[in-house]
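Q: My structure is stored as my_file09.cif, with mmCIF, C-alpha atoms.
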```cif
data_target
loop_
_atom_site.group_PDB
_atom_site.id
_atom_site.type_symbol
_atom_site.label_atom_id
_atom_site.label_comp_id
_atom_site.auth_asym_id
_atom_site.auth_seq_id
_atom_site.Cartn_x
_atom_site.Cartn_y
_atom_site.Cartn_z
ATOM 1 C CA MET X 1445 30.850 -8.086 50.906
ATOM 2 C CA LYS X 1446 28.782 -4.940 51.401
ATOM 3 C CA LYS X 1447 30.915 -3.181 48.775
ATOM 4 C CA MET X 1448 30.334 -6.025 46.302
ATOM 5 C CA THR X 1449 26.567 -5.901 46.956
ATOM 6 C CA PHE X 1450 26.585 -2.156 46.389
ATOM 7 C CA VAL X 1451 28.460 -2.527 43.085
ATOM 8 C CA LEU X 1452 26.058 -5.213 41.830
ATOM 9 C CA ALA X 1453 23.088 -3.068 42.785
ATOM 10 C CA ALA X 1454 24.555 -0.105 40.937
ATOM 11 C CA ILE X 1455 25.141 -2.219 37.837
ATOM 12 C CA CYS X 1456 21.575 -3.501 37.903
ATOM 13 C CA ALA X 1457 20.197 0.000 38.367
ATOM 14 C CA SER X 1458 22.248 1.259 35.430
ATOM 15 C CA ALA X 1459 21.020 -1.579 33.242
ATOM 16 C CA LEU X 1460 17.426 -0.790 34.094
ATOM 17 C CA ALA X 1461 17.992 2.876 33.323
ATOM 18 C CA LEU X 1462 19.316 2.150 29.836
ATOM 19 C CA PRO X 1463 16.836 2.733 27.011
ATOM 20 C CA ALA X 1464 15.560 -0.333 25.193
ATOM 21 C CA ALA X 1465 17.631 -1.269 22.176
ATOM 22 C CA ALA X 1466 16.480 0.293 18.913
ATOM 23 C CA VAL X 1467 14.536 -2.006 16.646
ATOM 24 C CA GLN X 1468 14.775 -2.399 12.892
ATOM 25 C CA ILE X 1469 11.563 -3.067 11.026
ATOM 26 C CA THR X 1470 11.939 -4.167 7.425
ATOM 27 C CA VAL X 1471 8.894 -3.761 5.189
ATOM 28 C CA THR X 1472 8.358 -4.986 1.657
ATOM 29 C CA ILE X 1473 6.480 -1.951 0.260
ATOM 30 C CA PRO X 1474 6.290 1.734 1.303
ATOM 31 C CA PRO X 1475 2.608 1.809 2.409
ATOM 32 C CA LEU X 1476 3.373 -0.723 5.145
ATOM 33 C CA ALA X 1477 5.997 1.639 6.540
ATOM 34 C CA GLY X 1478 3.423 4.418 6.562
ATOM 35 C CA MET X 1479 1.083 2.310 8.672
ATOM 36 C CA ILE X 1480 3.436 1.699 11.581
ATOM 37 C CA ALA X 1481 5.927 4.608 11.615
ATOM 38 C CA PRO X 1482 3.958 6.748 14.142
ATOM 39 C CA LEU X 1483 4.291 3.972 16.723
ATOM 40 C CA LEU X 1484 8.093 3.952 16.769
ATOM 41 C CA GLU X 1485 10.828 5.625 18.796
ATOM 42 C CA PRO X 1486 13.079 8.180 17.037
ATOM 43 C CA GLU X 1487 16.039 5.780 17.164
ATOM 44 C CA ASP X 1488 14.111 2.898 15.579
ATOM 45 C CA ARG X 1489 14.698 2.190 11.891
ATOM 46 C CA ILE X 1490 12.442 1.297 8.999
ATOM 47 C CA GLU X 1491 14.039 -0.351 5.985
ATOM 48 C CA ILE X 1492 11.952 -0.512 2.792
ATOM 49 C CA LEU X 1493 12.854 -3.218 0.299
ATOM 50 C CA LEU X 1494 10.879 -1.770 -2.617
ATOM 51 C CA LYS X 1495 12.336 1.693 -3.100
ATOM 52 C CA PRO X 1496 10.235 4.606 -4.442
ATOM 53 C CA GLY X 1497 9.672 4.416 -8.182
ATOM 54 C CA VAL X 1498 10.250 0.659 -8.451
ATOM 55 C CA SER X 1499 7.350 -1.557 -9.475
ATOM 56 C CA PRO X 1500 6.669 -4.630 -7.299
ATOM 57 C CA HIS X 1501 5.778 -6.618 -10.402
ATOM 58 C CA GLY X 1502 8.780 -8.683 -11.440
ATOM 59 C CA PHE X 1503 10.927 -7.201 -8.643
ATOM 60 C CA GLN X 1504 14.068 -9.102 -7.599
ATOM 61 C CA LEU X 1505 16.072 -8.743 -4.378
ATOM 62 C CA LYS X 1506 19.615 -7.374 -4.411
ATOM 63 C CA PRO X 1507 22.424 -8.080 -1.878
ATOM 64 C CA SER X 1508 21.530 -4.896 0.027
ATOM 65 C CA HIS X 1509 17.987 -6.178 0.441
ATOM 66 C CA TRP X 1510 19.286 -9.445 1.875
ATOM 67 C CA GLN X 1511 21.252 -7.462 4.443
ATOM 68 C CA SER X 1512 18.111 -5.565 5.455
ATOM 69 C CA LEU X 1513 16.341 -8.862 5.979
ATOM 70 C CA GLN X 1514 19.176 -10.293 8.058
ATOM 71 C CA ASN X 1515 19.264 -7.205 10.316
ATOM 72 C CA ALA X 1516 15.510 -7.048 10.841
ATOM 73 C CA ASP X 1517 13.819 -7.577 14.189
ATOM 74 C CA LEU X 1518 10.415 -7.511 12.502
ATOM 75 C CA LEU X 1519 9.444 -8.151 8.877
ATOM 76 C CA LEU X 1520 6.182 -6.680 7.611
ATOM 77 C CA ARG X 1521 4.817 -7.982 4.319
ATOM 78 C CA VAL X 1522 1.527 -8.032 2.464
ATOM 79 C CA GLY X 1523 1.610 -11.801 2.103
ATOM 80 C CA SER X 1524 0.148 -11.821 -1.406
ATOM 81 C CA PRO X 1525 1.734 -12.174 -4.875
ATOM 82 C CA VAL X 1526 2.538 -8.451 -4.767
ATOM 83 C CA ASP X 1527 5.505 -9.166 -2.492
ATOM 84 C CA ALA X 1528 5.912 -12.909 -3.023
ATOM 85 C CA TRP X 1529 9.523 -12.182 -4.007
ATOM 86 C CA VAL X 1530 10.363 -11.961 -0.284
ATOM 87 C CA ASN X 1531 8.856 -15.298 0.737
ATOM 88 C CA LYS X 1532 11.812 -17.583 0.062
ATOM 89 C CA PRO X 1533 14.615 -15.355 1.449
ATOM 90 C CA ALA X 1534 12.478 -14.538 4.496
ATOM 91 C CA GLN X 1535 12.465 -18.191 5.513
ATOM 92 C CA GLY X 1536 16.110 -17.971 6.565
ATOM 93 C CA ILE X 1537 15.919 -14.959 8.903
ATOM 94 C CA SER X 1538 15.282 -14.782 12.637
ATOM 95 C CA ALA X 1539 12.937 -11.782 12.537
ATOM 96 C CA THR X 1540 9.317 -12.027 13.581
ATOM 97 C CA HIS X 1541 7.026 -12.066 10.546
ATOM 98 C CA LEU X 1542 3.773 -10.113 10.284
ATOM 99 C CA ALA X 1543 1.828 -10.671 7.061
ATOM 100 C CA LEU X 1544 -1.203 -8.504 6.403
ATOM 101 C CA SER X 1545 -2.947 -11.402 4.675
ATOM 102 C CA GLU X 1546 -2.664 -13.548 7.814
ATOM 103 C CA LEU X 1547 -4.066 -11.102 10.377
ATOM 104 C CA ALA X 1548 -7.360 -12.062 12.005
ATOM 105 C CA GLY X 1549 -10.257 -10.133 10.488
ATOM 106 C CA VAL X 1550 -8.420 -9.061 7.336
ATOM 107 C CA GLN X 1551 -10.717 -7.922 4.548
ATOM 108 C CA THR X 1552 -10.320 -9.806 1.284
ATOM 109 C CA LEU X 1553 -12.216 -9.272 -1.969
ATOM 110 C CA PRO X 1554 -12.434 -11.675 -4.920
ATOM 111 C CA ILE X 1555 -10.484 -10.920 -8.062
ATOM 112 C CA ARG X 1556 -12.798 -9.001 -10.372
ATOM 113 C CA GLN X 1557 -13.940 -10.772 -13.503
ATOM 114 C CA GLY X 1558 -16.309 -9.968 -16.327
ATOM 115 C CA GLY X 1559 -16.780 -6.755 -18.258
ATOM 116 C CA LEU X 1560 -13.600 -4.743 -18.596
ATOM 117 C CA TRP X 1561 -11.907 -6.617 -15.743
ATOM 118 C CA GLU X 1562 -12.060 -9.979 -17.562
ATOM 119 C CA LYS X 1563 -9.612 -11.852 -15.360
ATOM 120 C CA LYS X 1564 -9.898 -15.609 -15.685
ATOM 121 C CA MET X 1565 -8.582 -17.663 -12.794
ATOM 122 C CA HIS X 1566 -7.443 -20.624 -14.874
ATOM 123 C CA SER X 1567 -6.489 -18.892 -18.090
ATOM 124 C CA HIS X 1568 -3.197 -19.804 -19.759
ATOM 125 C CA SER X 1569 -3.100 -16.505 -21.623
ATOM 126 C CA PRO X 1570 -0.123 -14.414 -20.441
ATOM 127 C CA GLU X 1571 -2.329 -11.338 -20.544
ATOM 128 C CA GLU X 1572 -4.955 -12.827 -18.258
ATOM 129 C CA GLY X 1573 -2.776 -14.966 -16.022
ATOM 130 C CA GLY X 1574 0.390 -13.666 -14.437
ATOM 131 C CA GLU X 1575 0.994 -12.983 -10.795
ATOM 132 C CA HIS X 1576 -2.661 -13.030 -9.717
ATOM 133 C CA SER X 1577 -3.715 -16.268 -11.402
ATOM 134 C CA ALA X 1578 -2.948 -18.506 -8.393
ATOM 135 C CA LEU X 1579 -4.663 -16.281 -5.834
ATOM 136 C CA ARG X 1580 -8.321 -16.478 -4.918
ATOM 137 C CA TYR X 1581 -8.540 -12.873 -3.747
ATOM 138 C CA ASP X 1582 -7.261 -9.451 -4.741
ATOM 139 C CA GLY X 1583 -3.755 -9.098 -3.318
ATOM 140 C CA HIS X 1584 -3.695 -5.282 -2.920
ATOM 141 C CA LEU X 1585 -4.723 -5.573 0.721
ATOM 142 C CA TRP X 1586 -3.031 -2.369 1.910
ATOM 143 C CA MET X 1587 -5.523 -0.283 -0.078
ATOM 144 C CA ALA X 1588 -8.245 -1.114 2.494
ATOM 145 C CA PRO X 1589 -8.249 1.323 5.457
ATOM 146 C CA HIS X 1590 -9.667 -1.466 7.635
ATOM 147 C CA ASN X 1591 -6.650 -3.653 6.890
ATOM 148 C CA ALA X 1592 -4.274 -0.802 7.682
ATOM 149 C CA GLU X 1593 -5.829 -0.509 11.136
ATOM 150 C CA LEU X 1594 -5.259 -4.231 11.688
ATOM 151 C CA MET X 1595 -1.566 -3.850 10.863
ATOM 152 C CA VAL X 1596 -1.267 -0.899 13.252
ATOM 153 C CA ARG X 1597 -2.721 -2.995 16.081
ATOM 154 C CA ALA X 1598 -0.533 -5.998 15.249
ATOM 155 C CA ALA X 1599 2.671 -3.928 15.144
ATOM 156 C CA SER X 1600 1.742 -2.204 18.395
ATOM 157 C CA ALA X 1601 1.184 -5.568 20.088
ATOM 158 C CA TRP X 1602 4.625 -6.734 18.926
ATOM 159 C CA LEU X 1603 6.301 -3.572 20.223
ATOM 160 C CA GLN X 1604 4.569 -3.930 23.581
ATOM 161 C CA LYS X 1605 5.796 -7.499 23.832
ATOM 162 C CA GLN X 1606 9.339 -6.434 22.981
ATOM 163 C CA SER X 1607 9.360 -3.644 25.574
ATOM 164 C CA PRO X 1608 6.790 -4.397 28.304
ATOM 165 C CA GLU X 1609 7.996 -1.420 30.337
ATOM 166 C CA LYS X 1610 6.758 0.876 27.542
ATOM 167 C CA ALA X 1611 3.506 -0.945 26.825
ATOM 168 C CA GLY X 1612 1.415 1.970 28.074
ATOM 169 C CA LEU X 1613 3.262 4.391 25.802
ATOM 170 C CA TYR X 1614 2.748 2.175 22.752
ATOM 171 C CA GLN X 1615 -0.937 1.824 23.577
ATOM 172 C CA GLN X 1616 -1.286 5.614 23.739
ATOM 173 C CA ARG X 1617 0.451 6.012 20.390
ATOM 174 C CA GLU X 1618 -1.709 3.287 18.871
ATOM 175 C CA GLN X 1619 -4.957 4.913 19.982
ATOM 176 C CA ALA X 1620 -3.850 8.388 18.877
ATOM 177 C CA TRP X 1621 -2.738 7.095 15.482
ATOM 178 C CA LEU X 1622 -5.936 5.096 14.909
ATOM 179 C CA ALA X 1623 -7.987 8.168 15.818
ATOM 180 C CA LYS X 1624 -6.059 10.196 13.238
ATOM 181 C CA LEU X 1625 -6.602 7.528 10.582
ATOM 182 C CA GLN X 1626 -10.320 7.513 11.295
ATOM 183 C CA GLU X 1627 -10.455 11.307 11.087
ATOM 184 C CA GLN X 1628 -8.740 11.206 7.699
ATOM 185 C CA ASP X 1629 -11.130 8.459 6.598
ATOM 186 C CA GLN X 1630 -14.103 10.700 7.379
ATOM 187 C CA GLN X 1631 -12.562 13.545 5.386
ATOM 188 C CA ASN X 1632 -11.969 11.196 2.456
ATOM 189 C CA GLN X 1633 -15.579 10.030 2.629
ATOM 190 C CA GLN X 1634 -16.832 13.606 2.410
ATOM 191 C CA GLN X 1635 -14.634 14.480 -0.559
ATOM 192 C CA LEU X 1636 -15.362 11.316 -2.531
ATOM 193 C CA ALA X 1637 -19.121 11.460 -1.958
ATOM 194 C CA GLU X 1638 -19.404 13.990 -4.803
ATOM 195 C CA VAL X 1639 -17.764 11.719 -7.415
ATOM 196 C CA ARG X 1640 -19.158 8.298 -6.517
ATOM 197 C CA ASN X 1641 -21.219 8.065 -9.703
ATOM 198 C CA MET X 1642 -18.361 9.023 -12.018
ATOM 199 C CA GLY X 1643 -16.969 6.099 -14.012
ATOM 200 C CA PHE X 1644 -13.227 5.655 -14.465
ATOM 201 C CA LEU X 1645 -10.608 3.274 -15.825
ATOM 202 C CA VAL X 1646 -7.367 2.379 -14.034
ATOM 203 C CA LEU X 1647 -4.089 1.161 -15.460
ATOM 204 C CA HIS X 1648 -4.261 -2.101 -13.529
ATOM 205 C CA ASP X 1649 -6.709 -3.374 -10.944
ATOM 206 C CA ALA X 1650 -4.964 -2.219 -7.764
ATOM 207 C CA TYR X 1651 -7.700 -0.081 -6.212
ATOM 208 C CA GLN X 1652 -10.656 -2.402 -5.616
ATOM 209 C CA TYR X 1653 -10.410 -2.180 -1.815
ATOM 210 C CA PHE X 1654 -10.303 1.609 -1.927
ATOM 211 C CA GLU X 1655 -13.233 1.700 -4.362
ATOM 212 C CA ALA X 1656 -15.292 -0.660 -2.203
ATOM 213 C CA HIS X 1657 -14.597 1.283 0.983
ATOM 214 C CA TYR X 1658 -15.658 4.605 -0.535
ATOM 215 C CA GLY X 1659 -18.329 3.373 -2.947
ATOM 216 C CA LEU X 1660 -16.550 4.432 -6.154
ATOM 217 C CA LYS X 1661 -17.317 3.424 -9.753
ATOM 218 C CA GLY X 1662 -14.290 1.805 -11.329
ATOM 219 C CA VAL X 1663 -15.383 0.208 -14.610
ATOM 220 C CA GLY X 1664 -12.249 -1.605 -15.771
ATOM 221 C CA SER X 1665 -8.476 -1.747 -16.115
ATOM 222 C CA ILE X 1666 -6.223 -1.239 -19.120
ATOM 223 C CA ARG X 1667 -3.892 -4.084 -18.198
ATOM 224 C CA LEU X 1668 -5.073 -7.436 -16.919
ATOM 225 C CA ASN X 1669 -1.531 -8.338 -15.972
ATOM 226 C CA PRO X 1670 0.665 -5.374 -14.940
ATOM 227 C CA GLU X 1671 3.666 -6.939 -16.665
ATOM 228 C CA VAL X 1672 1.968 -7.423 -20.056
ATOM 229 C CA PRO X 1673 0.750 -4.605 -22.344
ATOM 230 C CA PRO X 1674 -2.890 -4.889 -23.480
ATOM 231 C CA SER X 1675 -3.712 -6.484 -26.810
ATOM 232 C CA LEU X 1676 -5.066 -4.461 -29.736
ATOM 233 C CA LYS X 1677 -8.460 -6.126 -29.261
ATOM 234 C CA ARG X 1678 -8.560 -5.026 -25.642
ATOM 235 C CA MET X 1679 -7.539 -1.471 -26.487
ATOM 236 C CA GLN X 1680 -10.391 -1.303 -29.012
ATOM 237 C CA ALA X 1681 -12.898 -2.472 -26.388
ATOM 238 C CA LEU X 1682 -11.595 0.056 -23.863
ATOM 239 C CA ARG X 1683 -11.645 2.838 -26.449
ATOM 240 C CA ALA X 1684 -15.283 2.067 -27.254
ATOM 241 C CA ARG X 1685 -16.179 2.286 -23.565
ATOM 242 C CA VAL X 1686 -14.442 5.633 -23.176
ATOM 243 C CA GLN X 1687 -16.289 6.969 -26.217
ATOM 244 C CA GLU X 1688 -19.604 6.076 -24.565
ATOM 245 C CA SER X 1689 -18.979 9.096 -22.305
ATOM 246 C CA ASP X 1690 -19.548 7.281 -19.000
ATOM 247 C CA VAL X 1691 -15.797 7.242 -18.338
ATOM 248 C CA GLN X 1692 -14.879 10.545 -16.754
ATOM 249 C CA CYS X 1693 -11.209 9.749 -16.217
ATOM 250 C CA VAL X 1694 -8.488 7.254 -17.180
ATOM 251 C CA PHE X 1695 -5.811 6.875 -14.526
ATOM 252 C CA GLN X 1696 -2.151 6.392 -15.326
ATOM 253 C CA GLU X 1697 0.547 5.065 -12.932
ATOM 254 C CA PRO X 1698 4.041 6.579 -12.678
ATOM 255 C CA GLN X 1699 5.899 3.300 -13.305
ATOM 256 C CA PHE X 1700 4.293 2.770 -16.732
ATOM 257 C CA PRO X 1701 4.416 4.598 -20.094
ATOM 258 C CA THR X 1702 1.611 7.040 -20.888
ATOM 259 C CA LYS X 1703 1.003 6.209 -24.549
ATOM 260 C CA GLN X 1704 -1.764 3.673 -23.867
ATOM 261 C CA VAL X 1705 -3.723 6.124 -21.719
ATOM 262 C CA GLU X 1706 -3.246 8.888 -24.266
ATOM 263 C CA ALA X 1707 -4.477 6.605 -27.051
ATOM 264 C CA LEU X 1708 -7.650 5.825 -25.109
ATOM 265 C CA THR X 1709 -8.556 9.420 -24.322
ATOM 266 C CA ALA X 1710 -7.561 11.156 -27.581
ATOM 267 C CA GLY X 1711 -10.536 12.980 -29.076
ATOM 268 C CA THR X 1712 -12.810 12.253 -26.106
ATOM 269 C CA SER X 1713 -13.951 14.233 -23.076
ATOM 270 C CA ALA X 1714 -12.217 11.817 -20.691
ATOM 271 C CA LYS X 1715 -9.396 13.290 -18.628
ATOM 272 C CA ILE X 1716 -6.097 11.671 -17.656
ATOM 273 C CA GLY X 1717 -5.288 11.352 -13.966
ATOM 274 C CA MET X 1718 -2.548 9.784 -11.891
ATOM 275 C CA LEU X 1719 -2.970 7.097 -9.238
ATOM 276 C CA ASP X 1720 -0.136 5.376 -7.429
ATOM 277 C CA PRO X 1721 -0.800 2.358 -5.186
ATOM 278 C CA MET X 1722 2.729 2.646 -3.761
ATOM 279 C CA GLY X 1723 2.516 6.378 -3.033
ATOM 280 C CA THR X 1724 5.710 7.205 -4.948
ATOM 281 C CA GLN X 1725 4.173 9.972 -7.045
ATOM 282 C CA TYR X 1726 2.811 11.724 -3.960
ATOM 283 C CA LEU X 1727 6.259 11.957 -2.353
ATOM 284 C CA LEU X 1728 7.111 14.756 -4.770
ATOM 285 C CA ALA X 1729 4.863 17.103 -2.795
ATOM 286 C CA GLU X 1730 6.244 16.140 0.622
ATOM 287 C CA PRO X 1731 9.992 16.818 1.122
ATOM 288 C CA LYS X 1732 10.112 15.053 4.499
ATOM 289 C CA ALA X 1733 8.274 12.031 3.157
ATOM 290 C CA ARG X 1734 10.527 11.979 0.103
ATOM 291 C CA ALA X 1735 13.587 11.819 2.351
ATOM 292 C CA GLN X 1736 12.221 8.889 4.356
ATOM 293 C CA GLY X 1737 10.857 7.085 1.296
ATOM 294 C CA PHE X 1738 7.214 6.766 2.339
ATOM 295 C CA LEU X 1739 4.104 8.671 3.344
ATOM 296 C CA TYR X 1740 2.266 8.156 6.600
ATOM 297 C CA TYR X 1741 -0.834 6.156 5.778
ATOM 298 C CA ASP X 1742 -3.262 9.030 6.432
ATOM 299 C CA ASP X 1743 -1.365 11.187 3.938
ATOM 300 C CA PHE X 1744 -1.276 8.281 1.492
ATOM 301 C CA THR X 1745 -5.081 7.928 1.495
ATOM 302 C CA ARG X 1746 -5.459 11.710 1.367
ATOM 303 C CA TYR X 1747 -3.387 11.909 -1.814
ATOM 304 C CA VAL X 1748 -5.220 9.005 -3.451
ATOM 305 C CA THR X 1749 -8.482 10.764 -2.588
ATOM 306 C CA ARG X 1750 -7.208 14.032 -4.037
ATOM 307 C CA SER X 1751 -6.110 12.349 -7.273
ATOM 308 C CA LEU X 1752 -9.533 10.773 -7.683
ATOM 309 C CA THR X 1753 -11.568 13.874 -6.905
ATOM 310 C CA GLU X 1754 -9.481 16.217 -9.056
ATOM 311 C CA CYS X 1755 -9.841 14.011 -12.122
ATOM 312 C CA LEU X 1756 -13.428 12.860 -11.574
ATOM 313 C CA THR X 1757 -14.912 16.259 -10.824
ATOM 314 C CA PRO X 1758 -16.544 17.498 -14.062
ATOM 315 C CA SER X 1759 -14.884 20.547 -15.598
ATOM 316 C CA ALA X 1760 -16.810 23.799 -15.425
ATOM 317 C CA THR X 1761 -16.715 24.049 -19.217
ATOM 318 C CA GLN X 1762 -18.440 20.708 -19.710
ATOM 319 C CA PRO X 1763 -22.207 20.786 -20.386
#
```
What would you get if you wrote out this structure as structure tokens?
A:
Amino acid sequence: MKKMTFVLAAICASALALPAAAVQITVTIPPLAGMIAPLLEPEDRIEILLKPGVSPHGFQLKPSHWQSLQNADLLLRVGSPVDAWVNKPAQGISATHLALSELAGVQTLPIRQGGLWEKKMHSHSPEEGGEHSALRYDGHLWMAPHNAELMVRAASAWLQKQSPEKAGLYQQREQAWLAKLQEQDQQNQQQLAEVRNMGFLVLHDAYQYFEAHYGLKGVGSIRLNPEVPPSLKRMQALRARVQESDVQCVFQEPQFPTKQVEALTAGTSAKIGMLDPMGTQYLLAEPKARAQGFLYYDDFTRYVTRSLTECLTPSATQP
């Protein structure tokens, strides 16, 4: 009997000594991975459904994506039309769901209308409707640093619940990571302060949260619907605005052709820049990030800030 008790005690002690099972976190878009990666253990896995270079607009899941969903312990999604393609398949998986749009305190901004934004909520025009027409707020929620902090806290809380014995460790990582994000935010504020009065156009309206946070002067977008090229009438209106000289830069995105941006800036003083709301373009400068398929969120905002400041800073040769 004593021998049996000893054996059972040894088994229990061994079980307690074993590390917690690795978790798999599946995310819909790369920036979500960059928000929560610093919280994880080395053996944990992040699976990204939208691979670098692929546009979320019109995206469709493949069998490999379904497998990533089935294997997930936690699914992170934006919860807006940007990743609505995951909503139906996600209903059949056992993973815990965390949607950025559903977190308490999430910042939402209305879809911009009027001027060179011109989005109409109830329009039947394919150029003005599309994926955003059924939503009452701008769906690019990950572009707000405040919302990123909310996702960090929510993911940390889930990890602590999964492994209560490591709750203190996760709390330490959470606080250290949030402090680093806030430090980067302050650096971004300092850099962008010099270009806040410089007007610019974007390819599509994906940066409103970033603009609002840093007080920037976006004046319009080339495309009202990312999936539909602009009409000739719209291109003429945009061209006229660029020629007024209050547009310092027109920003392209890597997933779209450059000819529209080039047509707008030809013969003007406006420069062409590159912005990427998914962070794909910025991976080229970071070998480690390129291998993992995403940038940590502080690096993501740093690169967006750099792209803005480099293009919006007046050239020395300009009067």
Q: Run the PyMOL selection byres ((chain X and resi 1715-1723) around 8) against the file shown and list the residues it catches, as a PDB file with C-alpha atoms, keeping the file's coordinate frame.
A:
```
ATOM      1  CA  ILE X1473       6.480  -1.951   0.260  1.00  0.00           C
ATOM      2  CA  PRO X1474       6.290   1.734   1.303  1.00  0.00           C
ATOM      3  CA  PRO X1475       2.608   1.809   2.409  1.00  0.00           C
ATOM      4  CA  PRO X1496      10.235   4.606  -4.442  1.00  0.00           C
ATOM      5  CA  MET X1587      -5.523  -0.283  -0.078  1.00  0.00           C
ATOM      6  CA  ALA X1650      -4.964  -2.219  -7.764  1.00  0.00           C
ATOM      7  CA  TYR X1651      -7.700  -0.081  -6.212  1.00  0.00           C
ATOM      8  CA  GLN X1692     -14.879  10.545 -16.754  1.00  0.00           C
ATOM      9  CA  CYS X1693     -11.209   9.749 -16.217  1.00  0.00           C
ATOM     10  CA  VAL X1694      -8.488   7.254 -17.180  1.00  0.00           C
ATOM     11  CA  PHE X1695      -5.811   6.875 -14.526  1.00  0.00           C
ATOM     12  CA  GLN X1696      -2.151   6.392 -15.326  1.00  0.00           C
ATOM     13  CA  GLU X1697       0.547   5.065 -12.932  1.00  0.00           C
ATOM     14  CA  PRO X1698       4.041   6.579 -12.678  1.00  0.00           C
ATOM     15  CA  VAL X1705      -3.723   6.124 -21.719  1.00  0.00           C
ATOM     16  CA  GLU X1706      -3.246   8.888 -24.266  1.00  0.00           C
ATOM     17  CA  THR X1709      -8.556   9.420 -24.322  1.00  0.00           C
ATOM     18  CA  SER X1713     -13.951  14.233 -23.076  1.00  0.00           C
ATOM     19  CA  ALA X1714     -12.217  11.817 -20.691  1.00  0.00           C
ATOM     20  CA  THR X1724       5.710   7.205  -4.948  1.00  0.00           C
ATOM     21  CA  GLN X1725       4.173   9.972  -7.045  1.00  0.00           C
ATOM     22  CA  TYR X1726       2.811  11.724  -3.960  1.00  0.00           C
ATOM     23  CA  LEU X1727       6.259  11.957  -2.353  1.00  0.00           C
ATOM     24  CA  PHE X1738       7.214   6.766   2.339  1.00  0.00           C
ATOM     25  CA  LEU X1739       4.104   8.671   3.344  1.00  0.00           C
ATOM     26  CA  PHE X1744      -1.276   8.281   1.492  1.00  0.00           C
ATOM     27  CA  VAL X1748      -5.220   9.005  -3.451  1.00  0.00           C
ATOM     28  CA  SER X1751      -6.110  12.349  -7.273  1.00  0.00           C
ATOM     29  CA  LEU X1752      -9.533  10.773  -7.683  1.00  0.00           C
ATOM     30  CA  CYS X1755      -9.841  14.011 -12.122  1.00  0.00           C
TER      31      CYS X1755
END
```
Q: Taking all atoms listed in the file into account, produce a table as JSON lines in which each residue of range 1585-1619 of chain X with an atom at most 10 Å from an atom of range 1505-1522 of chain X appears once, together with its shortest atom pair and the distance in Å to one decimal, ordered by chain and rising number.
A:
```
{"residue": "X:Leu1585", "atom": "CA", "partner": "X:Val1522", "partner_atom": "CA", "distance": 6.9}
{"residue": "X:Trp1586", "atom": "CA", "partner": "X:Val1522", "partner_atom": "CA", "distance": 7.3}
{"residue": "X:Met1595", "atom": "CA", "partner": "X:Leu1520", "partner_atom": "CA", "distance": 8.9}
{"residue": "X:Ala1599", "atom": "CA", "partner": "X:Leu1520", "partner_atom": "CA", "distance": 8.8}
{"residue": "X:Trp1602", "atom": "CA", "partner": "X:Leu1518", "partner_atom": "CA", "distance": 8.7}
{"residue": "X:Leu1603", "atom": "CA", "partner": "X:Leu1518", "partner_atom": "CA", "distance": 9.6}
{"residue": "X:Gln1606", "atom": "CA", "partner": "X:Asp1517", "partner_atom": "CA", "distance": 9.9}
```
Q: Please list as a PyMOL selection string every residue within 12 Å of range 1545-1550 of chain X, counting all atoms listed in the file and excluding residues in the same chain fewer than 4 positions away.
A: chain X and resi 1520-1528+1541+1579+1581-1599+1653
Q: Restricting the calculation to all atoms listed in the file: of X:Gln1631, X:Ser1499, X:Thr1552, X:Ser1689, which residue gets closest to Thr1749 in chain X?
A: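 Closest to Thr1749 in chain X, using all atoms listed in the file: X:Gln1631.
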Q: How many Å lie between CA of Lys1610 in chain X and CA of Pro1482 in chain X, rounded to one decimal?
A: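 Here the two named atoms are 14.9 Å from each other.
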Q: When you draw a straight line from CA of Glu1562 in chain X to CA of Gln1699 in chain X, how long is it in Å?
A: 22.7 Å
Q: Step by step, gather every atom of range 1651-1656 of chain X that the file lists, find the box along x, y and z that holds them, add 5 Å on each side, and finally give centre and edge lengths in Å to one decimal, as JSON.
A:
```
{"center_x": -11.5, "center_y": -0.4, "center_z": -4.0, "size_x": 17.6, "size_y": 14.1, "size_z": 14.4}
```
Q: Nearest to Ile1555 in chain X among X:Val1646, X:Val1530, X:Leu1756, X:Leu1668, with distances taken over only C-alpha atoms: which residue is it?
A: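 That would be X:Leu1668, the residue with the smallest distance to Ile1555 in chain X.
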Q: Between CA of Glu1485 in chain X and CA of Ala1466 in chain X, what distance in Å does the model show, to one decimal?
A: 7.8 Å
